[in-house]
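Everything below belongs to coords_28.cif, which stores mmCIF, C-alpha atoms.
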data_upload
loop_
_atom_site.label_atom_id
_atom_site.label_comp_id
_atom_site.auth_asym_id
_atom_site.auth_seq_id
_atom_site.Cartn_x
_atom_site.Cartn_y
_atom_site.Cartn_z
CA MET Y 1 -33.02 -6.43 -29.30
CA PRO Y 2 -29.46 -7.50 -28.52
CA VAL Y 3 -27.59 -8.14 -31.75
CA ASP Y 4 -24.05 -9.46 -32.21
CA VAL Y 5 -21.83 -7.47 -34.53
CA ARG Y 6 -18.61 -8.91 -35.95
CA ILE Y 7 -15.94 -6.27 -36.40
CA PRO Y 8 -13.33 -6.67 -39.18
CA THR Y 9 -9.69 -6.57 -38.12
CA MET Y 10 -8.93 -3.16 -39.56
CA LEU Y 11 -11.70 -1.52 -37.49
CA ARG Y 12 -10.76 -3.26 -34.23
CA PRO Y 13 -8.34 -0.51 -33.19
CA HIS Y 14 -11.51 1.60 -32.75
CA THR Y 15 -13.23 -0.99 -30.56
CA GLY Y 16 -10.32 -1.53 -28.21
CA GLY Y 17 -9.44 -4.71 -30.08
CA ALA Y 18 -12.87 -6.30 -29.73
CA ALA Y 19 -13.72 -8.69 -32.57
CA ALA Y 20 -17.39 -8.76 -31.63
CA VAL Y 21 -19.66 -6.19 -30.00
CA THR Y 22 -23.25 -6.59 -28.81
CA VAL Y 23 -25.61 -3.69 -29.39
CA ASP Y 24 -29.29 -3.10 -28.80
CA ALA Y 25 -30.99 -2.20 -32.07
CA SER Y 26 -33.85 -3.02 -34.39
CA THR Y 27 -32.42 -1.94 -37.74
CA ILE Y 28 -28.97 -1.97 -39.31
CA ARG Y 29 -28.89 1.82 -39.16
CA GLU Y 30 -29.50 1.64 -35.42
CA VAL Y 31 -26.78 -1.00 -35.11
CA VAL Y 32 -24.30 1.38 -36.72
CA ASP Y 33 -25.51 4.32 -34.61
CA GLN Y 34 -25.02 2.27 -31.45
CA LEU Y 35 -21.58 1.11 -32.58
CA VAL Y 36 -20.47 4.69 -33.24
CA ALA Y 37 -21.94 5.88 -29.94
CA ALA Y 38 -19.93 3.24 -28.08
CA HIS Y 39 -16.83 3.57 -30.28
CA PRO Y 40 -16.62 7.07 -31.79
CA GLY Y 41 -13.61 6.11 -33.88
CA LEU Y 42 -16.01 4.17 -36.10
CA ALA Y 43 -17.79 7.33 -37.22
CA GLY Y 44 -17.88 7.56 -41.01
CA GLN Y 45 -16.26 4.13 -41.49
CA ILE Y 46 -19.42 2.08 -42.05
CA VAL Y 47 -22.00 4.75 -42.86
CA THR Y 48 -20.79 7.95 -44.50
CA PRO Y 49 -21.52 11.40 -43.03
CA ASP Y 50 -24.44 11.78 -45.45
CA GLY Y 51 -26.06 8.62 -44.12
CA ALA Y 52 -25.29 6.16 -46.93
CA MET Y 53 -23.46 2.87 -46.80
CA HIS Y 54 -19.73 3.22 -47.28
CA ARG Y 55 -18.87 1.74 -50.67
CA PHE Y 56 -15.81 -0.08 -49.39
CA VAL Y 57 -17.72 -1.88 -46.65
CA ASN Y 58 -20.04 -4.86 -46.95
CA VAL Y 59 -22.60 -5.54 -44.23
CA TYR Y 60 -24.23 -8.92 -43.85
CA LEU Y 61 -27.26 -9.83 -41.76
CA ASN Y 62 -26.52 -13.47 -41.08
CA ASP Y 63 -25.90 -14.80 -44.62
CA ASP Y 64 -27.50 -11.96 -46.57
CA ASP Y 65 -25.91 -8.83 -47.96
CA ILE Y 66 -28.05 -5.95 -46.70
CA ARG Y 67 -27.79 -4.30 -50.12
CA TYR Y 68 -30.21 -6.99 -51.29
CA LEU Y 69 -32.47 -6.67 -48.27
CA ASP Y 70 -33.52 -3.24 -47.04
CA LYS Y 71 -30.04 -1.74 -46.88
CA LEU Y 72 -29.64 0.30 -43.71
CA GLU Y 73 -33.34 -0.04 -42.89
CA THR Y 74 -33.06 -3.84 -42.74
CA LYS Y 75 -34.65 -5.05 -39.54
CA VAL Y 76 -32.57 -7.03 -37.08
CA GLY Y 77 -33.77 -9.25 -34.28
CA GLU Y 78 -32.60 -11.33 -31.38
CA GLY Y 79 -30.08 -13.96 -32.36
CA ASP Y 80 -29.09 -12.17 -35.56
CA THR Y 81 -25.44 -11.66 -36.38
CA VAL Y 82 -24.35 -8.60 -38.30
CA SER Y 83 -20.98 -9.02 -40.03
CA ILE Y 84 -19.03 -6.00 -41.23
CA LEU Y 85 -16.45 -6.85 -43.87
CA PRO Y 86 -14.20 -4.64 -45.96
CA ALA Y 87 -14.60 -4.64 -49.71
CA VAL Y 88 -11.45 -6.28 -51.06
CA ALA Y 89 -10.53 -5.22 -54.55
CA GLY Y 90 -7.75 -4.04 -56.78
CA GLY Y 91 -6.44 -4.23 -60.29
CA SER Y 92 -3.41 -4.75 -62.48
CA MET S 1 8.08 -12.22 -44.10
CA LEU S 2 5.13 -14.30 -45.19
CA GLN S 3 5.37 -17.96 -44.33
CA ILE S 4 2.97 -20.07 -46.33
CA SER S 5 2.32 -23.76 -46.18
CA ALA S 6 3.18 -25.57 -49.40
CA ASP S 7 -0.41 -26.78 -49.84
CA ALA S 8 -1.85 -23.29 -49.51
CA HIS S 9 0.74 -21.94 -51.94
CA ALA S 10 -0.07 -24.62 -54.50
CA GLU S 11 -3.80 -24.04 -54.15
CA MET S 12 -3.34 -20.31 -54.55
CA VAL S 13 -1.28 -20.62 -57.74
CA ALA S 14 -3.61 -23.26 -59.19
CA HIS S 15 -6.63 -21.02 -58.57
CA CYS S 16 -4.91 -18.11 -60.33
CA TRP S 17 -3.99 -20.29 -63.27
CA ALA S 18 -7.49 -21.74 -63.50
CA GLY S 19 -8.94 -18.22 -63.54
CA LEU S 20 -7.27 -17.25 -66.81
CA PRO S 21 -7.94 -15.20 -68.88
CA LEU S 22 -9.43 -13.25 -65.97
CA GLU S 23 -7.85 -12.10 -62.74
CA ALA S 24 -8.34 -14.54 -59.88
CA CYS S 25 -8.35 -13.75 -56.19
CA GLY S 26 -8.72 -15.25 -52.77
CA LEU S 27 -7.85 -14.96 -49.13
CA LEU S 28 -5.14 -16.44 -46.97
CA ALA S 29 -5.66 -17.43 -43.35
CA GLY S 30 -3.42 -18.63 -40.60
CA THR S 31 -1.83 -17.39 -37.42
CA GLY S 32 0.58 -14.48 -37.13
CA ASP S 33 2.46 -14.27 -40.40
CA HIS S 34 2.06 -17.95 -41.26
CA ALA S 35 -0.63 -18.70 -43.83
CA THR S 36 -1.85 -22.26 -43.54
CA ARG S 37 -5.06 -22.06 -45.54
CA CYS S 38 -5.98 -20.68 -48.92
CA TYR S 39 -9.57 -19.64 -49.59
CA PRO S 40 -10.04 -19.19 -53.33
CA THR S 41 -12.91 -16.80 -53.96
CA ALA S 42 -14.78 -15.69 -57.04
CA ASN S 43 -13.67 -12.47 -58.72
CA VAL S 44 -17.05 -10.78 -59.01
CA ALA S 45 -15.55 -8.08 -61.24
CA GLU S 46 -15.03 -10.89 -63.80
CA SER S 47 -12.28 -8.92 -65.46
CA ALA S 48 -8.78 -9.44 -66.75
CA VAL S 49 -7.63 -6.14 -65.23
CA VAL S 50 -9.48 -5.71 -61.96
CA TYR S 51 -10.64 -7.96 -59.16
CA THR S 52 -13.23 -7.82 -56.41
CA VAL S 53 -13.32 -10.57 -53.84
CA ASP S 54 -16.84 -12.00 -53.69
CA PRO S 55 -18.12 -10.58 -50.39
CA LYS S 56 -19.98 -13.80 -49.67
CA GLY S 57 -16.79 -15.73 -50.23
CA PHE S 58 -15.09 -13.46 -47.72
CA LEU S 59 -17.87 -14.06 -45.20
CA ARG S 60 -17.56 -17.83 -45.59
CA ALA S 61 -13.79 -17.74 -45.39
CA ASP S 62 -13.91 -15.53 -42.31
CA ARG S 63 -16.32 -17.85 -40.51
CA ASP S 64 -14.47 -20.99 -41.51
CA ALA S 65 -11.12 -19.56 -40.47
CA GLU S 66 -12.51 -18.47 -37.14
CA SER S 67 -13.99 -21.91 -36.50
CA GLN S 68 -10.48 -23.30 -36.82
CA GLY S 69 -8.84 -20.66 -34.68
CA LEU S 70 -7.30 -18.96 -37.71
CA ALA S 71 -7.52 -15.37 -38.91
CA ILE S 72 -7.66 -13.93 -42.40
CA LEU S 73 -4.17 -12.48 -42.79
CA GLY S 74 -4.07 -11.47 -46.42
CA VAL S 75 -5.39 -11.48 -49.94
CA PHE S 76 -3.89 -12.79 -53.17
CA HIS S 77 -4.75 -11.97 -56.72
CA SER S 78 -3.27 -12.56 -60.13
CA HIS S 79 -1.92 -10.17 -62.69
CA THR S 80 -2.50 -11.81 -66.02
CA HIS S 81 -0.15 -9.66 -68.12
CA THR S 82 1.81 -7.54 -65.72
CA ALA S 83 4.43 -8.10 -63.06
CA ALA S 84 3.78 -9.34 -59.55
CA TYR S 85 3.83 -5.85 -58.10
CA PRO S 86 0.95 -3.91 -56.52
CA SER S 87 -0.69 -1.52 -58.97
CA PRO S 88 -1.85 1.98 -57.95
CA THR S 89 -5.34 0.49 -57.73
CA ASP S 90 -4.09 -2.28 -55.46
CA VAL S 91 -2.50 0.28 -53.16
CA ALA S 92 -5.47 2.64 -53.15
CA GLN S 93 -7.93 -0.14 -52.32
CA ALA S 94 -5.86 -2.12 -49.82
CA PRO S 95 -8.35 -2.50 -46.98
CA ASP S 96 -6.26 -3.61 -44.03
CA PRO S 97 -2.78 -2.35 -43.11
CA GLY S 98 -2.22 -5.55 -41.16
CA TRP S 99 -2.61 -7.82 -44.16
CA HIS S 100 -0.14 -9.44 -46.52
CA TYR S 101 -0.81 -8.64 -50.17
CA VAL S 102 0.28 -11.46 -52.46
CA LEU S 103 0.60 -11.00 -56.18
CA VAL S 104 0.74 -13.92 -58.58
CA SER S 105 1.95 -12.90 -62.01
CA LEU S 106 1.06 -15.13 -64.93
CA ALA S 107 2.71 -12.83 -67.45
CA GLU S 108 5.70 -15.07 -68.02
CA GLY S 109 6.12 -18.79 -68.62
CA ALA S 110 5.93 -19.79 -64.97
CA PRO S 111 3.87 -18.10 -62.21
CA VAL S 112 5.77 -15.58 -60.10
CA VAL S 113 4.61 -15.14 -56.49
CA ARG S 114 5.62 -12.09 -54.45
CA SER S 115 4.24 -10.62 -51.25
CA TYR S 116 3.99 -7.09 -49.91
CA ARG S 117 2.86 -5.04 -46.94
CA ILE S 118 0.89 -1.96 -47.95
CA ILE S 119 0.70 0.58 -45.14
CA ASP S 120 -0.35 4.20 -45.63
CA GLY S 121 0.29 3.92 -49.34
CA ASN S 122 3.80 2.55 -48.85
CA ILE S 123 4.68 -0.73 -50.56
CA ASP S 124 7.25 -2.94 -48.86
CA GLU S 125 8.13 -6.28 -50.39
CA GLU S 126 8.63 -9.18 -48.02
CA PRO S 127 10.07 -12.65 -48.59
CA VAL S 128 7.71 -15.53 -49.21
CA VAL S 129 8.89 -18.66 -47.44
CA LEU S 130 7.27 -21.99 -48.12
CA VAL S 131 6.95 -24.29 -45.14
CA GLN S 132 5.77 -27.88 -44.96
#

As C-alpha coordinates:
Amino acid sequence: MPVDVRIPTMLRPHTGGAAAVTVDASTIREVVDQLVAAHPGLAGQIVTPDGAMHRFVNVYLNDDDIRYLDKLETKVGEGDTVSILPAVAGGS
Amino acid sequence: MLQISADAHAEMVAHCWAGLPLEACGLLAGTGDHATRCYPTANVAESAVVYTVDPKGFLRADRDAESQGLAILGVFHSHTHTAAYPSPTDVAQAPDPGWHYVLVSLAEGAPVVRSYRIIDGNIDEEPVVLVQ
(Lines of atoms letter the chains of each structure in order from A and count residues from 1; the text may use other names and numbers.)
(Lines give C-alpha, C1' and ligand atoms only; values in the text may rest on other atoms or scores of the structure.)
Protein backbone atom coordinates (compact mmCIF):
# COMPACT_ATOMS: atom_id res chain seq x y z
CA MET A 1 0.00 0.00 0.00
CA PRO A 2 1.42 3.42 -0.83
CA VAL A 3 1.87 5.43 2.35
CA ASP A 4 2.99 9.04 2.74
CA VAL A 5 5.78 9.65 5.22
CA ARG A 6 6.55 13.12 6.55
CA ILE A 7 10.24 13.61 7.22
CA PRO A 8 11.37 16.01 9.98
CA THR A 9 13.77 18.77 8.96
CA MET A 10 16.81 17.32 10.66
CA LEU A 11 16.51 14.04 8.70
CA ARG A 12 15.95 15.73 5.33
CA PRO A 13 19.66 15.89 4.51
CA HIS A 14 19.38 12.07 4.22
CA THR A 15 16.43 12.24 1.82
CA GLY A 16 17.96 14.76 -0.54
CA GLY A 17 15.90 17.48 1.09
CA ALA A 18 12.55 15.76 0.60
CA ALA A 19 9.97 16.69 3.23
CA ALA A 20 7.70 13.81 2.26
CA VAL A 21 8.41 10.38 0.82
CA THR A 22 5.96 7.76 -0.42
CA VAL A 23 6.73 4.13 0.35
CA ASP A 24 4.95 0.85 -0.22
CA ALA A 25 4.39 -0.90 3.10
CA SER A 26 1.83 -2.55 5.33
CA THR A 27 3.35 -1.96 8.76
CA ILE A 28 5.36 0.84 10.35
CA ARG A 29 8.38 -1.45 10.49
CA GLU A 30 8.10 -1.97 6.74
CA VAL A 31 7.75 1.78 6.25
CA VAL A 32 11.03 2.33 8.06
CA ASP A 33 12.72 -0.52 6.17
CA GLN A 34 11.62 0.99 2.86
CA LEU A 35 12.78 4.46 3.93
CA VAL A 36 16.22 3.15 4.87
CA ALA A 37 16.45 1.12 1.66
CA ALA A 38 15.75 4.26 -0.38
CA HIS A 39 17.78 6.58 1.86
CA PRO A 40 20.56 4.64 3.63
CA GLY A 41 21.54 7.68 5.67
CA LEU A 42 18.39 7.09 7.72
CA ALA A 43 19.69 3.78 9.06
CA GLY A 44 19.57 3.73 12.85
CA GLN A 45 17.86 7.13 13.09
CA ILE A 46 14.27 5.95 13.46
CA VAL A 47 14.70 2.31 14.45
CA THR A 48 17.85 1.34 16.34
CA PRO A 49 20.19 -1.42 15.13
CA ASP A 50 18.53 -3.85 17.55
CA GLY A 51 15.14 -3.22 15.97
CA ALA A 52 13.51 -0.99 18.59
CA MET A 53 12.07 2.48 18.23
CA HIS A 54 14.62 5.21 18.76
CA ARG A 55 13.78 6.94 22.03
CA PHE A 56 14.33 10.41 20.64
CA VAL A 57 11.92 9.92 17.76
CA ASN A 58 8.13 9.95 17.81
CA VAL A 59 6.19 8.24 15.04
CA TYR A 60 2.55 9.03 14.38
CA LEU A 61 0.11 7.13 12.21
CA ASN A 62 -2.24 9.94 11.26
CA ASP A 63 -3.13 11.39 14.69
CA ASP A 64 -2.02 8.46 16.84
CA ASP A 65 1.33 7.83 18.48
CA ILE A 66 2.34 4.32 17.42
CA ARG A 67 3.56 3.64 20.96
CA TYR A 68 -0.12 3.45 21.91
CA LEU A 69 -1.07 1.35 18.90
CA ASP A 70 1.05 -1.64 17.93
CA LYS A 71 4.39 0.17 17.90
CA LEU A 72 6.43 -0.92 14.91
CA GLU A 73 3.93 -3.64 14.03
CA THR A 74 1.14 -1.08 13.59
CA LYS A 75 -0.59 -1.71 10.30
CA VAL A 76 -0.69 1.04 7.72
CA GLY A 77 -2.99 1.35 4.75
CA GLU A 78 -3.70 3.44 1.71
CA GLY A 79 -4.27 7.09 2.50
CA ASP A 80 -2.46 6.88 5.83
CA THR A 81 0.15 9.47 6.72
CA VAL A 82 3.09 8.51 8.88
CA SER A 83 4.74 11.49 10.59
CA ILE A 84 8.23 11.21 12.04
CA LEU A 85 8.99 13.87 14.63
CA PRO A 86 11.98 14.35 16.90
CA ALA A 87 11.49 14.19 20.63
CA VAL A 88 12.07 17.73 21.87
CA ALA A 89 13.25 17.94 25.44
CA GLY A 90 15.75 19.49 27.78
CA GLY A 91 16.19 20.78 31.28
CA SER A 92 17.51 23.57 33.44
CA MET B 1 19.96 36.45 14.64
CA LEU B 2 16.44 35.47 15.55
CA GLN B 3 13.77 37.89 14.41
CA ILE B 4 10.51 37.39 16.22
CA SER B 5 7.23 39.14 15.79
CA ALA B 6 6.13 41.08 18.87
CA ASP B 7 2.95 39.02 19.20
CA ALA B 8 4.81 35.72 19.11
CA HIS B 9 7.31 37.02 21.66
CA ALA B 10 4.54 38.15 24.00
CA GLU B 11 2.71 34.84 23.67
CA MET B 12 5.89 32.91 24.36
CA VAL B 13 6.71 34.85 27.53
CA ALA B 14 3.11 34.71 28.75
CA HIS B 15 3.04 30.94 28.28
CA CYS B 16 6.26 30.56 30.27
CA TRP B 17 4.94 32.75 33.05
CA ALA B 18 1.63 30.91 33.14
CA GLY B 19 3.48 27.59 33.43
CA LEU B 20 5.06 28.44 36.78
CA PRO B 21 6.11 26.73 39.00
CA LEU B 22 6.91 24.24 36.23
CA GLU B 23 8.99 24.64 33.11
CA ALA B 24 6.96 25.65 30.07
CA CYS B 25 7.81 24.99 26.45
CA GLY B 26 6.63 25.49 22.92
CA LEU B 27 7.63 25.84 19.32
CA LEU B 28 8.29 28.80 17.08
CA ALA B 29 7.43 28.86 13.39
CA GLY B 30 8.05 31.25 10.57
CA THR B 31 10.21 31.60 7.51
CA GLY B 32 14.00 31.68 7.46
CA ASP B 33 15.11 33.16 10.75
CA HIS B 34 11.93 35.16 11.32
CA ALA B 35 9.52 33.61 13.81
CA THR B 36 5.99 34.84 13.24
CA ARG B 37 4.03 32.28 15.22
CA CYS B 38 4.33 30.84 18.69
CA TYR B 39 2.87 27.41 19.41
CA PRO B 40 2.69 26.91 23.17
CA THR B 41 2.75 23.21 23.96
CA ALA B 42 2.26 21.18 27.10
CA ASN B 43 5.36 20.13 29.03
CA VAL B 44 4.57 16.44 29.42
CA ALA B 45 7.46 16.04 31.85
CA GLU B 46 5.43 18.29 34.20
CA SER B 47 8.57 19.31 36.03
CA ALA B 48 10.24 22.43 37.30
CA VAL B 49 13.63 21.23 36.05
CA VAL B 50 13.04 19.38 32.80
CA TYR B 51 10.73 19.74 29.83
CA THR B 52 9.42 17.51 27.08
CA VAL B 53 7.38 19.03 24.30
CA ASP B 54 4.09 17.15 24.03
CA PRO B 55 4.62 15.13 20.83
CA LYS B 56 1.00 15.62 19.86
CA GLY B 57 1.43 19.35 20.29
CA PHE B 58 4.42 19.18 17.98
CA LEU B 59 2.39 17.26 15.40
CA ARG B 60 -0.40 19.85 15.50
CA ALA B 61 2.02 22.75 15.34
CA ASP B 62 3.88 21.16 12.43
CA ARG B 63 0.68 20.63 10.44
CA ASP B 64 -0.69 24.06 11.21
CA ALA B 65 2.56 25.76 10.32
CA GLU B 66 2.77 23.86 7.06
CA SER B 67 -0.80 24.80 6.15
CA GLN B 68 0.27 28.43 6.40
CA GLY B 69 3.49 28.00 4.47
CA LEU B 70 5.57 28.29 7.63
CA ALA B 71 8.17 25.95 9.10
CA ILE B 72 8.99 25.08 12.69
CA LEU B 73 12.26 26.95 13.22
CA GLY B 74 12.88 26.55 16.92
CA VAL B 75 11.83 25.66 20.41
CA PHE B 76 11.52 27.78 23.54
CA HIS B 77 11.40 26.74 27.14
CA SER B 78 11.64 28.41 30.51
CA HIS B 79 14.18 28.10 33.25
CA THR B 80 12.33 28.79 36.44
CA HIS B 81 15.32 29.39 38.72
CA THR B 82 18.35 29.53 36.50
CA ALA B 83 19.71 31.82 33.82
CA ALA B 84 18.56 31.94 30.22
CA TYR B 85 21.42 29.76 29.05
CA PRO B 86 21.26 26.23 27.60
CA SER B 87 21.95 23.57 30.20
CA PRO B 88 24.04 20.45 29.45
CA THR B 89 20.73 18.62 29.09
CA ASP B 90 19.48 21.22 26.62
CA VAL B 91 22.61 20.80 24.54
CA ALA B 92 22.62 17.01 24.68
CA GLN B 93 18.98 16.76 23.62
CA ALA B 94 18.87 19.50 20.99
CA PRO B 95 17.22 17.67 18.12
CA ASP B 96 17.83 19.87 15.11
CA PRO B 97 21.02 21.79 14.32
CA GLY B 98 19.00 24.13 12.13
CA TRP B 99 16.78 25.35 14.95
CA HIS B 100 16.89 28.39 17.19
CA TYR B 101 16.87 27.51 20.89
CA VAL B 102 15.19 30.21 22.97
CA LEU B 103 15.51 30.32 26.72
CA VAL B 104 13.16 32.33 28.89
CA SER B 105 14.48 32.79 32.40
CA LEU B 106 12.00 33.59 35.13
CA ALA B 107 14.66 33.57 37.83
CA GLU B 108 14.71 37.33 38.25
CA GLY B 109 12.03 39.98 38.57
CA ALA B 110 11.36 40.30 34.85
CA PRO B 111 11.59 37.52 32.21
CA VAL B 112 14.88 37.37 30.32
CA VAL B 113 14.73 36.05 26.74
CA ARG B 114 17.88 34.87 24.95
CA SER B 115 18.37 32.75 21.86
CA TYR B 116 21.07 30.31 20.78
CA ARG B 117 22.17 28.04 17.97
CA ILE B 118 23.29 24.63 19.20
CA ILE B 119 25.34 22.80 16.59
CA ASP B 120 27.50 19.76 17.34
CA GLY B 121 27.43 20.58 21.03
CA ASN B 122 28.57 24.17 20.46
CA ILE B 123 26.44 26.95 21.92
CA ASP B 124 26.40 30.27 20.08
CA GLU B 125 24.24 33.08 21.36
CA GLU B 126 22.43 35.18 18.78
CA PRO B 127 20.57 38.47 19.10
CA VAL B 128 16.81 38.42 19.48
CA VAL B 129 15.21 41.20 17.49
CA LEU B 130 11.55 42.02 17.90
CA VAL B 131 9.74 43.07 14.75
CA GLN B 132 6.22 44.35 14.29

So which residues get picked by the PyMOL selection byres ((chain Y) within 10 of (chain S)) here, written as a ChimeraX atom specification?
/Y:8-11,56-60,62-65,83-92

Do you know which residues the PyMOL selection byres ((chain Y and resi 2) around 12) returns on this file, as a PDB file with C-alpha atoms, keeping the file's coordinate frame?
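Ended up saving to part_22.pdb:
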ATOM      1  CA  MET Y   1     -33.020  -6.430 -29.300  1.00  0.00           C
ATOM      2  CA  VAL Y   3     -27.590  -8.140 -31.750  1.00  0.00           C
ATOM      3  CA  ASP Y   4     -24.050  -9.460 -32.210  1.00  0.00           C
ATOM      4  CA  VAL Y   5     -21.830  -7.470 -34.530  1.00  0.00           C
ATOM      5  CA  VAL Y  21     -19.660  -6.190 -30.000  1.00  0.00           C
ATOM      6  CA  THR Y  22     -23.250  -6.590 -28.810  1.00  0.00           C
ATOM      7  CA  VAL Y  23     -25.610  -3.690 -29.390  1.00  0.00           C
ATOM      8  CA  ASP Y  24     -29.290  -3.100 -28.800  1.00  0.00           C
ATOM      9  CA  ALA Y  25     -30.990  -2.200 -32.070  1.00  0.00           C
ATOM     10  CA  SER Y  26     -33.850  -3.020 -34.390  1.00  0.00           C
ATOM     11  CA  THR Y  27     -32.420  -1.940 -37.740  1.00  0.00           C
ATOM     12  CA  GLU Y  30     -29.500   1.640 -35.420  1.00  0.00           C
ATOM     13  CA  VAL Y  31     -26.780  -1.000 -35.110  1.00  0.00           C
ATOM     14  CA  GLN Y  34     -25.020   2.270 -31.450  1.00  0.00           C
ATOM     15  CA  VAL Y  76     -32.570  -7.030 -37.080  1.00  0.00           C
ATOM     16  CA  GLY Y  77     -33.770  -9.250 -34.280  1.00  0.00           C
ATOM     17  CA  GLU Y  78     -32.600 -11.330 -31.380  1.00  0.00           C
ATOM     18  CA  GLY Y  79     -30.080 -13.960 -32.360  1.00  0.00           C
ATOM     19  CA  ASP Y  80     -29.090 -12.170 -35.560  1.00  0.00           C
ATOM     20  CA  THR Y  81     -25.440 -11.660 -36.380  1.00  0.00           C
ATOM     21  CA  VAL Y  82     -24.350  -8.600 -38.300  1.00  0.00           C
TER      22      VAL Y  82
END

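For the atom pair formed by CA of Ala42 in chain S and CA of Ala61 in chain S, the distance is 11.9 Å, given to one decimal.
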
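Interatomic distance, CA of Pro13 in chain Y to CA of Ala29 in chain S: 19.9 Å.
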
So, counting only C-alpha atoms, which residue among Y:Leu61, Y:His39, Y:Ile46, Y:Leu72 is closest to Gly17 in chain Y?
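Selected residue with least distance to Gly17 in chain Y: Y:His39.
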
With only C-alpha atoms as the basis for distance, which of S:Leu28, S:Ala35, S:Ala18, S:Val13 is at the shortest distance from Leu130 in chain S?
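The closest residue to Leu130 in chain S is S:Ala35.
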
Just how far from CA of Val32 in chain Y is CA of Gly121 in chain S, in Å to one decimal?
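Value for the CA of Gly121 in chain S-CA of Val32 in chain Y distance: 27.8 Å.
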
Listed atoms of range 21-26 of chain Y boxed axis-aligned with 8 Å per side, centre + edges as lines of an AutoDock Vina configuration file:
center_x = -26.8
center_y = -4.4
center_z = -31.6
size_x = 30.2
size_y = 20.4
size_z = 21.6

From the list Y:Ala52, Y:Ala43, Y:Val36, Y:Ile28, the nearest residue to Leu69 in chain Y using only C-alpha atoms is Y:Ile28
